[in-house]
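Shown below: my_file_2.pdb, with PDB, C-alpha atoms and all ligand atoms.
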```pdb
ATOM      1  CA  MET A  17       0.000   0.000   0.000
ATOM      2  CA  PRO A  18       1.231   3.508  -0.685
ATOM      3  CA  SER A  19       2.281   5.555   2.305
ATOM      4  CA  SER A  20      -0.320   8.142   1.544
ATOM      5  CA  ASP A  21      -1.912  11.163   3.064
ATOM      6  CA  GLN A  22      -4.914  10.423   0.880
ATOM      7  CA  SER A  23      -7.426   7.702   1.515
ATOM      8  CA  LEU A  24      -7.958   5.011  -1.088
ATOM      9  CA  PRO A  25     -11.435   3.818  -0.216
ATOM     10  CA  GLU A  26     -12.583   2.702  -3.637
ATOM     11  CA  ASN A  27      -9.464   1.914  -5.612
ATOM     12  CA  THR A  28      -7.427  -0.151  -3.223
ATOM     13  CA  PRO A  29      -4.274  -0.736  -5.244
ATOM     14  CA  GLY A  30      -4.166  -4.088  -6.949
ATOM     15  CA  VAL A  31      -7.626  -5.125  -5.857
ATOM     16  CA  LEU A  32     -10.162  -3.795  -8.285
ATOM     17  CA  ARG A  33     -13.769  -4.397  -7.478
ATOM     18  CA  PRO A  34     -15.584  -6.707  -9.894
ATOM     19  CA  GLY A  35     -17.600  -3.726 -11.089
ATOM     20  CA  GLN A  36     -14.438  -1.913 -12.031
ATOM     21  CA  GLN A  37     -13.151  -4.843 -14.070
ATOM     22  CA  ARG A  38     -16.478  -5.038 -15.849
ATOM     23  CA  GLN A  39     -16.339  -1.305 -16.497
ATOM     24  CA  PHE A  40     -12.843  -1.577 -17.997
ATOM     25  CA  HIS A  41     -13.926  -4.316 -20.358
ATOM     26  CA  GLN A  42     -17.091  -2.417 -21.302
ATOM     27  CA  ASP A  43     -15.617   1.074 -21.789
ATOM     28  CA  GLY A  44     -12.009   0.220 -22.604
ATOM     29  CA  PHE A  45     -10.727   2.414 -19.800
ATOM     30  CA  LEU A  46     -10.932   2.997 -16.085
ATOM     31  CA  LEU A  47     -10.281   6.120 -14.030
ATOM     32  CA  LEU A  48      -8.633   5.409 -10.689
ATOM     33  CA  GLU A  49      -8.408   8.504  -8.538
ATOM     34  CA  ASN A  50      -5.827   9.118  -5.815
ATOM     35  CA  TRP A  51      -3.442   6.431  -6.990
ATOM     36  CA  ILE A  52      -0.256   8.418  -6.480
ATOM     37  CA  PRO A  53       0.478   9.654  -2.973
ATOM     38  CA  ALA A  54       1.278  13.371  -2.992
ATOM     39  CA  ASP A  55       4.840  12.929  -1.729
ATOM     40  CA  LEU A  56       5.652  10.415  -4.442
ATOM     41  CA  LYS A  57       4.040  12.565  -7.103
ATOM     42  CA  GLN A  58       6.289  15.467  -6.148
ATOM     43  CA  GLN A  59       9.366  13.198  -6.221
ATOM     44  CA  LEU A  60       8.520  12.130  -9.763
ATOM     45  CA  ILE A  61       8.008  15.742 -10.873
ATOM     46  CA  ASP A  62      11.214  16.979  -9.253
ATOM     47  CA  ARG A  63      13.205  14.127 -10.757
ATOM     48  CA  ALA A  64      11.832  14.840 -14.230
ATOM     49  CA  TYR A  65      13.087  18.417 -14.086
ATOM     50  CA  GLN A  66      16.460  17.223 -12.729
ATOM     51  CA  LEU A  67      16.763  14.900 -15.731
ATOM     52  CA  ILE A  68      16.161  17.843 -18.050
ATOM     53  CA  GLU A  69      18.796  19.924 -16.284
ATOM     54  CA  GLN A  70      21.321  17.080 -16.501
ATOM     55  CA  ALA A  71      20.601  16.154 -20.125
ATOM     56  CA  ASP A  72      22.949  16.972 -22.963
ATOM     57  CA  LEU A  73      20.574  18.915 -25.181
ATOM     58  CA  THR A  74      23.080  20.040 -27.783
ATOM     59  CA  GLU A  75      21.339  17.832 -30.315
ATOM     60  CA  HIS A  76      18.003  19.373 -31.231
ATOM     61  CA  ASN A  77      15.751  16.372 -31.382
ATOM     62  CA  ARG A  78      12.088  17.095 -31.543
ATOM     63  CA  PHE A  79       9.063  14.912 -31.164
ATOM     64  CA  SER A  80       5.920  15.271 -33.229
ATOM     65  CA  THR A  81       2.934  13.040 -33.855
ATOM     66  CA  THR A  82       1.646  15.336 -36.598
ATOM     67  CA  ASP A  83       4.870  15.078 -38.618
ATOM     68  CA  ARG A  84       6.845  11.963 -37.782
ATOM     69  CA  ALA A  85       9.387  12.841 -40.486
ATOM     70  CA  GLN A  86      10.787  15.406 -38.027
ATOM     71  CA  ILE A  87      11.936  12.654 -35.713
ATOM     72  CA  ASN A  88      15.590  11.669 -35.928
ATOM     73  CA  ASN A  89      15.322   7.900 -36.313
ATOM     74  CA  ASP A  90      18.623   6.971 -34.680
ATOM     75  CA  PHE A  91      18.113   9.260 -31.689
ATOM     76  CA  PHE A  92      14.589   7.900 -31.276
ATOM     77  CA  LEU A  93      15.458   4.206 -31.709
ATOM     78  CA  GLU A  94      18.357   4.412 -29.271
ATOM     79  CA  SER A  95      16.086   5.955 -26.657
ATOM     80  CA  ALA A  96      14.434   2.551 -26.193
ATOM     81  CA  GLU A  97      17.277   1.565 -23.889
ATOM     82  CA  THR A  98      18.280   4.873 -22.390
ATOM     83  CA  ILE A  99      16.808   8.146 -21.119
ATOM     84  CA  ARG A 100      16.463  10.959 -23.629
ATOM     85  CA  CYS A 101      14.718  14.316 -23.766
ATOM     86  CA  PHE A 102      12.747  15.331 -26.858
ATOM     87  CA  PHE A 103      11.900  18.952 -27.566
ATOM     88  CA  GLU A 104       8.449  20.251 -28.331
ATOM     89  CA  GLU A 105       7.968  20.724 -32.060
ATOM     90  CA  LYS A 106       7.384  24.451 -31.477
ATOM     91  CA  ALA A 107      10.211  24.958 -28.974
ATOM     92  CA  PHE A 108      12.439  26.877 -31.409
ATOM     93  CA  ASP A 109      12.056  30.141 -33.284
ATOM     94  CA  GLU A 110      13.098  30.583 -36.919
ATOM     95  CA  GLN A 111      16.665  31.282 -35.862
ATOM     96  CA  GLY A 112      16.782  27.998 -33.963
ATOM     97  CA  HIS A 113      16.669  29.551 -30.500
ATOM     98  CA  LEU A 114      14.473  28.280 -27.698
ATOM     99  CA  THR A 115      11.470  30.531 -27.151
ATOM    100  CA  GLN A 116      11.042  29.395 -23.531
ATOM    101  CA  PRO A 117      13.508  28.148 -20.860
ATOM    102  CA  ARG A 118      14.703  24.576 -21.467
ATOM    103  CA  ALA A 119      12.549  23.228 -18.621
ATOM    104  CA  GLN A 120       9.494  24.554 -20.485
ATOM    105  CA  SER A 121      10.657  23.325 -23.900
ATOM    106  CA  ILE A 122      10.751  19.552 -23.507
ATOM    107  CA  ASN A 123       7.946  17.468 -24.997
ATOM    108  CA  LYS A 124       8.840  14.210 -23.277
ATOM    109  CA  ILE A 125      11.489  12.102 -21.580
ATOM    110  CA  GLY A 126      11.700   8.444 -22.605
ATOM    111  CA  HIS A 127      11.835   5.525 -22.710
ATOM    112  CA  ALA A 128      13.749   3.435 -20.128
ATOM    113  CA  LEU A 129      13.345   5.484 -16.964
ATOM    114  CA  HIS A 130      12.061   2.464 -15.075
ATOM    115  CA  ASP A 131      15.280   0.578 -15.823
ATOM    116  CA  LEU A 132      17.832   3.334 -15.383
ATOM    117  CA  ASP A 133      16.555   5.938 -12.954
ATOM    118  CA  ASP A 134      16.277   5.093  -9.265
ATOM    119  CA  VAL A 135      13.210   7.263  -8.599
ATOM    120  CA  TYR A 136      11.204   5.952 -11.545
ATOM    121  CA  GLN A 137      12.350   2.385 -10.990
ATOM    122  CA  ALA A 138      11.231   2.433  -7.352
ATOM    123  CA  PHE A 139       7.862   3.782  -8.463
ATOM    124  CA  ALA A 140       7.437   1.151 -11.206
ATOM    125  CA  GLN A 141       8.226  -1.628  -8.748
ATOM    126  CA  ARG A 142       5.318  -0.780  -6.483
ATOM    127  CA  PRO A 143       3.319  -4.001  -6.209
ATOM    128  CA  GLU A 144      -0.046  -2.423  -6.956
ATOM    129  CA  PHE A 145       0.909  -1.817 -10.573
ATOM    130  CA  GLY A 146       1.549  -5.496 -11.314
ATOM    131  CA  ALA A 147      -1.537  -6.473  -9.361
ATOM    132  CA  LEU A 148      -3.614  -4.007 -11.380
ATOM    133  CA  ALA A 149      -2.393  -5.496 -14.661
ATOM    134  CA  ARG A 150      -3.281  -8.970 -13.449
ATOM    135  CA  ASP A 151      -6.709  -7.742 -12.379
ATOM    136  CA  LEU A 152      -7.183  -6.472 -15.932
ATOM    137  CA  GLY A 153      -6.328  -9.862 -17.411
ATOM    138  CA  LEU A 154      -2.591  -9.834 -18.117
ATOM    139  CA  LEU A 155      -1.011 -13.062 -16.888
ATOM    140  CA  GLU A 156       2.604 -11.921 -17.233
ATOM    141  CA  PRO A 157       2.690  -8.123 -17.164
ATOM    142  CA  HIS A 158       5.920  -6.623 -18.474
ATOM    143  CA  LEU A 159       6.668  -2.912 -18.482
ATOM    144  CA  TYR A 160       8.209  -1.964 -21.826
ATOM    145  CA  GLN A 161       8.160   1.815 -21.893
ATOM    146  CA  THR A 162       8.070   4.782 -19.555
ATOM    147  CA  MET A 163       7.479   8.340 -20.719
ATOM    148  CA  VAL A 164       7.195  11.631 -18.875
ATOM    149  CA  ILE A 165       5.004  13.807 -21.087
ATOM    150  CA  PHE A 166       5.009  17.526 -20.327
ATOM    151  CA  LYS A 167       2.442  19.212 -22.634
ATOM    152  CA  GLN A 168       4.216  22.501 -22.017
ATOM    153  CA  PRO A 169       2.451  25.846 -21.494
ATOM    154  CA  ARG A 170       1.664  27.648 -24.774
ATOM    155  CA  ILE A 171       3.676  25.286 -27.035
ATOM    156  CA  GLY A 172       2.530  21.820 -25.921
ATOM    157  CA  GLY A 173       1.849  19.849 -29.082
ATOM    158  CA  GLU A 174      -1.239  17.999 -30.229
ATOM    159  CA  VAL A 175      -1.170  14.194 -30.068
ATOM    160  CA  THR A 176      -3.352  12.989 -32.899
ATOM    161  CA  TRP A 177      -5.928  10.197 -32.494
ATOM    162  CA  HIS A 178      -4.206   6.833 -32.243
ATOM    163  CA  GLN A 179      -4.266   3.444 -30.529
ATOM    164  CA  ASP A 180      -1.289   2.359 -28.450
ATOM    165  CA  ALA A 181      -1.328  -1.200 -29.820
ATOM    166  CA  THR A 182      -0.102   0.441 -33.043
ATOM    167  CA  PHE A 183       3.254   0.719 -31.296
ATOM    168  CA  PHE A 184       3.149  -2.409 -29.089
ATOM    169  CA  TYR A 185       1.927  -5.140 -31.392
ATOM    170  CA  THR A 186       1.207  -8.590 -30.008
ATOM    171  CA  GLU A 187      -1.272 -11.214 -31.156
ATOM    172  CA  PRO A 188      -3.723 -11.010 -29.563
ATOM    173  CA  THR A 189      -3.488  -7.377 -28.488
ATOM    174  CA  SER A 190      -2.369  -7.196 -24.891
ATOM    175  CA  VAL A 191      -0.879  -3.761 -24.241
ATOM    176  CA  ILE A 192      -2.478  -1.665 -21.505
ATOM    177  CA  THR A 193      -1.545   1.966 -20.974
ATOM    178  CA  TYR A 194      -1.159   3.467 -17.521
ATOM    179  CA  TRP A 195      -1.583   7.255 -17.753
ATOM    180  CA  PHE A 196      -0.708   8.946 -14.476
ATOM    181  CA  ALA A 197      -1.666  12.598 -14.034
ATOM    182  CA  LEU A 198       1.226  14.289 -12.223
ATOM    183  CA  GLU A 199      -0.615  17.604 -12.552
ATOM    184  CA  ASP A 200      -4.278  18.428 -13.062
ATOM    185  CA  ALA A 201      -5.267  17.750 -16.680
ATOM    186  CA  THR A 202      -7.977  20.104 -17.929
ATOM    187  CA  LEU A 203      -9.672  21.009 -21.193
ATOM    188  CA  GLU A 204      -7.495  24.134 -21.270
ATOM    189  CA  ASN A 205      -4.095  22.442 -20.878
ATOM    190  CA  GLY A 206      -4.728  19.442 -23.111
ATOM    191  CA  CYS A 207      -6.323  16.591 -21.168
ATOM    192  CA  LEU A 208      -6.792  13.237 -22.852
ATOM    193  CA  TRP A 209      -9.818  12.566 -25.038
ATOM    194  CA  LEU A 210     -11.041   8.966 -25.239
ATOM    195  CA  GLU A 211     -13.668   7.123 -27.237
ATOM    196  CA  PRO A 212     -15.677   5.101 -24.681
ATOM    197  CA  GLY A 213     -16.176   1.586 -26.040
ATOM    198  CA  GLY A 214     -13.865   2.282 -28.978
ATOM    199  CA  HIS A 215     -11.525  -0.534 -27.931
ATOM    200  CA  THR A 216     -13.899  -3.020 -29.578
ATOM    201  CA  GLY A 217     -12.949  -1.597 -32.971
ATOM    202  CA  PRO A 218     -10.090  -2.865 -35.137
ATOM    203  CA  LEU A 219      -6.483  -1.773 -34.965
ATOM    204  CA  ARG A 220      -6.234   0.916 -37.649
ATOM    205  CA  GLU A 221      -2.462   1.243 -38.030
ATOM    206  CA  ARG A 222       0.759  -0.498 -37.191
ATOM    207  CA  TYR A 223       4.082   1.257 -36.661
ATOM    208  CA  HIS A 224       6.866  -0.830 -38.180
ATOM    209  CA  ARG A 225      10.591  -0.687 -37.832
ATOM    210  CA  ASP A 226      12.693  -2.088 -40.626
ATOM    211  CA  ASP A 227      16.258  -1.928 -39.331
ATOM    212  CA  ARG A 228      16.691   1.875 -38.893
ATOM    213  CA  ASP A 229      13.632   2.867 -40.925
ATOM    214  CA  LEU A 230      10.214   3.538 -39.431
ATOM    215  CA  ARG A 231       6.900   3.587 -41.213
ATOM    216  CA  MET A 232       3.190   3.614 -40.423
ATOM    217  CA  GLU A 233       1.246   0.805 -42.090
ATOM    218  CA  PRO A 234      -2.526   1.335 -42.548
ATOM    219  CA  LEU A 235      -4.512  -1.715 -41.447
ATOM    220  CA  ASP A 236      -8.149  -0.614 -41.329
ATOM    221  CA  ALA A 237      -9.920   2.429 -42.785
ATOM    222  CA  MET A 238     -12.315   2.885 -39.866
ATOM    223  CA  PRO A 239     -12.529   6.666 -39.229
ATOM    224  CA  TRP A 240     -11.089   8.174 -36.070
ATOM    225  CA  PRO A 241     -13.421   9.689 -33.485
ATOM    226  CA  ASP A 242     -14.057  13.434 -33.406
ATOM    227  CA  ASP A 243     -15.361  16.048 -30.952
ATOM    228  CA  THR A 244     -18.772  14.377 -30.902
ATOM    229  CA  SER A 245     -17.804  10.721 -30.469
ATOM    230  CA  GLY A 246     -14.780  11.384 -28.279
ATOM    231  CA  THR A 247     -15.038  12.333 -24.604
ATOM    232  CA  PRO A 248     -12.653  14.683 -22.803
ATOM    233  CA  MET A 249     -11.226  13.257 -19.600
ATOM    234  CA  PRO A 250     -10.173  16.059 -17.264
ATOM    235  CA  VAL A 251      -8.570  14.427 -14.235
ATOM    236  CA  LYS A 252      -7.021  15.521 -10.970
ATOM    237  CA  ALA A 253      -3.330  15.183 -10.226
ATOM    238  CA  GLY A 254      -2.647  11.783  -8.663
ATOM    239  CA  SER A 255      -5.211  10.008 -10.849
ATOM    240  CA  LEU A 256      -4.415   6.967 -12.953
ATOM    241  CA  LEU A 257      -6.231   6.314 -16.229
ATOM    242  CA  VAL A 258      -5.736   2.788 -17.538
ATOM    243  CA  PHE A 259      -6.853   1.939 -21.033
ATOM    244  CA  HIS A 260      -6.932  -0.864 -23.579
ATOM    245  CA  GLY A 261      -4.462  -0.966 -26.481
ATOM    246  CA  HIS A 262      -7.243  -0.505 -29.064
ATOM    247  CA  LEU A 263      -8.860   2.479 -27.325
ATOM    248  CA  PRO A 264      -8.588   5.569 -29.571
ATOM    249  CA  HIS A 265      -7.251   8.590 -27.697
ATOM    250  CA  TYR A 266      -6.127  12.124 -28.458
ATOM    251  CA  SER A 267      -4.932  15.280 -26.769
ATOM    252  CA  ALA A 268      -5.206  18.864 -27.979
ATOM    253  CA  PRO A 269      -2.424  21.444 -28.049
ATOM    254  CA  ASN A 270      -1.833  23.302 -24.806
ATOM    255  CA  ARG A 271      -2.400  27.015 -25.362
ATOM    256  CA  SER A 272      -2.825  27.761 -21.659
ATOM    257  CA  ASP A 273      -0.139  28.955 -19.269
ATOM    258  CA  LYS A 274      -0.262  25.735 -17.217
ATOM    259  CA  SER A 275       1.703  22.568 -17.982
ATOM    260  CA  ARG A 276       0.009  19.182 -18.012
ATOM    261  CA  LEU A 277       2.613  16.754 -16.756
ATOM    262  CA  ALA A 278       1.812  13.056 -17.132
ATOM    263  CA  LEU A 279       3.685   9.776 -16.723
ATOM    264  CA  THR A 280       2.861   6.761 -18.861
ATOM    265  CA  PHE A 281       3.672   3.065 -18.628
ATOM    266  CA  HIS A 282       3.036   0.626 -21.456
ATOM    267  CA  VAL A 283       2.468  -2.845 -20.085
ATOM    268  CA  VAL A 284       2.418  -5.905 -22.347
ATOM    269  CA  ASP A 285       1.513  -9.514 -21.552
ATOM    270  CA  GLY A 286       4.674 -11.631 -21.776
ATOM    271  CA  GLN A 287       2.688 -14.750 -22.581
ATOM    272  CA  TYR A 288       2.325 -13.497 -26.164
ATOM    273  CA  PRO A 289       5.258 -12.974 -28.545
ATOM    274  CA  TYR A 290       6.386  -9.351 -28.748
ATOM    275  CA  ALA A 291       6.646  -8.438 -32.449
ATOM    276  CA  PRO A 292      10.211  -7.887 -33.683
ATOM    277  CA  GLU A 293       8.817  -5.165 -35.983
ATOM    278  CA  ASN A 294       7.774  -2.987 -33.012
ATOM    279  CA  TRP A 295       9.978   0.111 -32.917
ATOM    280  CA  LEU A 296      10.856  -0.368 -29.259
ATOM    281  CA  GLN A 297      13.211  -3.289 -28.748
ATOM    282  CA  ARG A 298      15.145  -4.102 -25.593
ATOM    283  CA  PRO A 299      18.046  -6.409 -26.545
ATOM    284  CA  THR A 300      20.256  -5.222 -23.689
ATOM    285  CA  LEU A 301      17.846  -4.368 -20.901
ATOM    286  CA  GLY A 302      15.448  -7.247 -21.482
ATOM    287  CA  THR A 303      11.971  -7.136 -20.087
ATOM    288  CA  PHE A 304      10.810  -5.640 -16.793
ATOM    289  CA  PRO A 305       8.211  -7.830 -15.101
ATOM    290  CA  LEU A 306       5.717  -6.080 -12.872
TER
HETATM  291 FE   FE2 A 401      -1.053   6.895 -26.763
END
```
As structure tokens, what does this structure read like?
Ligand code: FE2
Amino acid sequence: MPSSDQSLPENTPGVLRPGQQRQFHQDGFLLLENWIPADLKQQLIDRAYQLIEQADLTEHNRFSTTDRAQINNDFFLESAETIRCFFEEKAFDEQGHLTQPRAQSINKIGHALHDLDDVYQAFAQRPEFGALARDLGLLEPHLYQTMVIFKQPRIGGEVTWHQDATFFYTEPTSVITYWFALEDATLENGCLWLEPGGHTGPLRERYHRDDRDLRMEPLDAMPWPDDTSGTPMPVKAGSLLVFHGHLPHYSAPNRSDKSRLALTFHVVDGQYPYAPENWLQRPTLGTFPL
């Protein structure tokens, strides 16, 4: 159990009520409030900013879901087994200078924090996270990827509609996303949008790696949700949203003056073969059982 100053009356870690399991399978997601004790949440935030301060940011590597061609393939691929900072697409002016301080210019930190950083590793090893995955049907939950996603004030980029199984392909689909709100997520600062029940639809795309090349393969022409079929999910800091690998989700640009810091885990069932075409491979670190 977390050493918490908040009570956890309904979402006792690792022991979902039957109704909650049913709700996850019906809606494709579940909102679990108060899952990060306040002291731990602050540790994770402080550590994220320390990592930015310590990072060698001489290489200007940006991250964009609207224009993946901007991503430097080698820098991105190598980040699977290390910790790297990616700039917001709009972090630089036309002369190539940052328009905001570096701490307010980073899009995300990824992707092996749980292997290589003591603070994030200790958090990932908390027993409730493995127990939650097992409650949701994963027999052998393995954590493959950790990201700290900033959604910076004023320049935080849009994340277009997608399904996370696009990036973590197994047959059958097994990936579950843990989306931890480290700060309040609101309509103004770019909270997640989800399509309730949309996880029953097909996987629309698959992201392939072919040696050092990356490409998006269309699989199904089913249209993405929009403002009417999608639902915004404003959540309080400390909340955990878990969702199915086929659940379409989106987040808008952040034009407000507040950041929207989130932490994500991608958890895959080790009982199914992990596709060698997935971009994220872990030949050195191996898997990280929860
Ligand atoms: Fe996603």
- Item | Ground truth for the PyMOL selection byres (((chain A and resi 161) around 12) and not hetatm), written as a ChimeraX atom specification | /A:95-99,125-132,136-137,140,158-160,162-164,180,183-184,191-195,279-284,295-298,301-305
Restrict the calculation to all atoms listed in the file, then for each residue of chain A with any atom at most 7 Å from an atom of ligand FE2 401 (chain A) give the closest atom pair and their distance in Å to one decimal, rows by chain and rising residue number, as CSV.
```
residue,atom,partner,partner_atom,distance
A:His178,CA,A:FE2_401,FE,6.3
A:Gln179,CA,A:FE2_401,FE,6.0
A:Asp180,CA,A:FE2_401,FE,4.8
A:His265,CA,A:FE2_401,FE,6.5
```
- Item | Nearby residues (all atoms listed in the file) at most 12 Å from Gln37 (chain A), same-chain spacing under 6 positions excluded, as a ChimeraX atom specification | /A:27,30-31,43-48,148-153,258-259
Skip Gln58 (chain A) itself and residues of its chain fewer than 5 positions away, then list as a PDB file with C-alpha atoms, in the coordinates of the input all residues within 9 Å of it, counting only C-alpha atoms.
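To be explicit, this is the file written out as part-v3.pdb:
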```pdb
ATOM      1  CA  PRO A  53       0.478   9.654  -2.973  1.00  0.00           C
ATOM      2  CA  ARG A  63      13.205  14.127 -10.757  1.00  0.00           C
ATOM      3  CA  LEU A 198       1.226  14.289 -12.223  1.00  0.00           C
TER       4      LEU A 198
END
```
- Item | Atom-to-atom span, CA of Leu257 (chain A) and CA of Leu208 (chain A), Å | 9.6 Å
- Item | Nearest candidate to Asp273 (chain A) (options A:Cys207, A:Leu219, A:Ile171, A:Ala181; using only C-alpha atoms) |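 Once distances to Asp273 (chain A) are computed over only C-alpha atoms, the minimum belongs to A:Ile171.
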- Query: When the PyMOL selection byres (((chain A and resi 228) around 9) and not hetatm) is applied to the file above, which residues end up in the set, as an MDAnalysis selection string?
  - Reply: chainID A and resid 89:90 93 225:227 229:230
- Apply the PyMOL selection byres (((chain A and resi 174) around 8) and not hetatm) to the structure shown and report the selected residues as a VMD selection string. chain A and resid 81 to 82 172 to 173 175 to 176 266 to 270
- Name the closest residue to Ala201 (chain A) among the candidates A:Pro169, A:Pro157, A:Pro188, A:Pro250; distances are taken between atoms, counting only C-alpha atoms.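 Among the listed residues, the smallest separation from Ala201 (chain A) belongs to A:Pro250.
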- Message: Measuring between only C-alpha atoms, which one of A:Leu203, A:Leu210, A:Met238, A:Ala253 shows the shortest distance to Ile61 (chain A)?
- Response: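 Nearest candidate to Ile61 (chain A) out of A:Leu203, A:Leu210, A:Met238, A:Ala253: A:Ala253.
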Emit as lines of an AutoDock Vina configuration file the padded axis-aligned box for all listed atoms of region 127-144 of chain A, 5 Å per side, with centre and edge lengths in Å to one decimal.
```
center_x = 8.9
center_y = 1.6
center_z = -14.5
size_x = 27.9
size_y = 21.3
size_z = 26.5
```
Would you mind writing region 103-115 of chain A with N, CA, C and O atoms, as a tab-separated table (two decimals), keeping the file's coordinate frame?
```
chain	number	residue	atom	x	y	z
A	103	PHE	N	12.47	17.61	-27.61
A	103	PHE	CA	11.90	18.95	-27.57
A	103	PHE	C	10.49	18.98	-28.15
A	103	PHE	O	10.14	18.18	-29.03
A	104	GLU	N	9.72	19.96	-27.68
A	104	GLU	CA	8.45	20.25	-28.33
A	104	GLU	C	8.73	20.70	-29.77
A	104	GLU	O	9.73	21.37	-30.04
A	105	GLU	N	7.82	20.35	-30.65
A	105	GLU	CA	7.97	20.72	-32.06
A	105	GLU	C	8.10	22.24	-32.21
A	105	GLU	O	8.83	22.74	-33.06
A	106	LYS	N	7.39	22.98	-31.36
A	106	LYS	CA	7.38	24.45	-31.48
A	106	LYS	C	8.31	25.12	-30.47
A	106	LYS	O	8.11	26.29	-30.11
A	107	ALA	N	9.33	24.40	-30.01
A	107	ALA	CA	10.21	24.96	-28.97
A	107	ALA	C	11.15	26.02	-29.52
A	107	ALA	O	11.64	26.86	-28.77
A	108	PHE	N	11.42	26.00	-30.84
A	108	PHE	CA	12.44	26.88	-31.41
A	108	PHE	C	11.82	27.94	-32.31
A	108	PHE	O	10.82	27.69	-33.00
A	109	ASP	N	12.48	29.12	-32.33
A	109	ASP	CA	12.06	30.14	-33.28
A	109	ASP	C	12.76	29.90	-34.63
A	109	ASP	O	13.49	28.93	-34.80
A	110	GLU	N	12.55	30.80	-35.57
A	110	GLU	CA	13.10	30.58	-36.92
A	110	GLU	C	14.62	30.61	-36.93
A	110	GLU	O	15.25	30.06	-37.83
A	111	GLN	N	15.20	31.26	-35.95
A	111	GLN	CA	16.66	31.28	-35.86
A	111	GLN	C	17.22	30.07	-35.10
A	111	GLN	O	18.43	29.95	-34.93
A	112	GLY	N	16.33	29.20	-34.66
A	112	GLY	CA	16.78	28.00	-33.96
A	112	GLY	C	17.02	28.20	-32.48
A	112	GLY	O	17.66	27.38	-31.83
A	113	HIS	N	16.51	29.30	-31.93
A	113	HIS	CA	16.67	29.55	-30.50
A	113	HIS	C	15.41	29.13	-29.74
A	113	HIS	O	14.30	29.29	-30.25
A	114	LEU	N	15.62	28.63	-28.53
A	114	LEU	CA	14.47	28.28	-27.70
A	114	LEU	C	13.65	29.53	-27.40
A	114	LEU	O	14.22	30.58	-27.11
A	115	THR	N	12.33	29.38	-27.45
A	115	THR	CA	11.47	30.53	-27.15
A	115	THR	C	11.06	30.56	-25.68
A	115	THR	O	10.48	31.52	-25.23
```
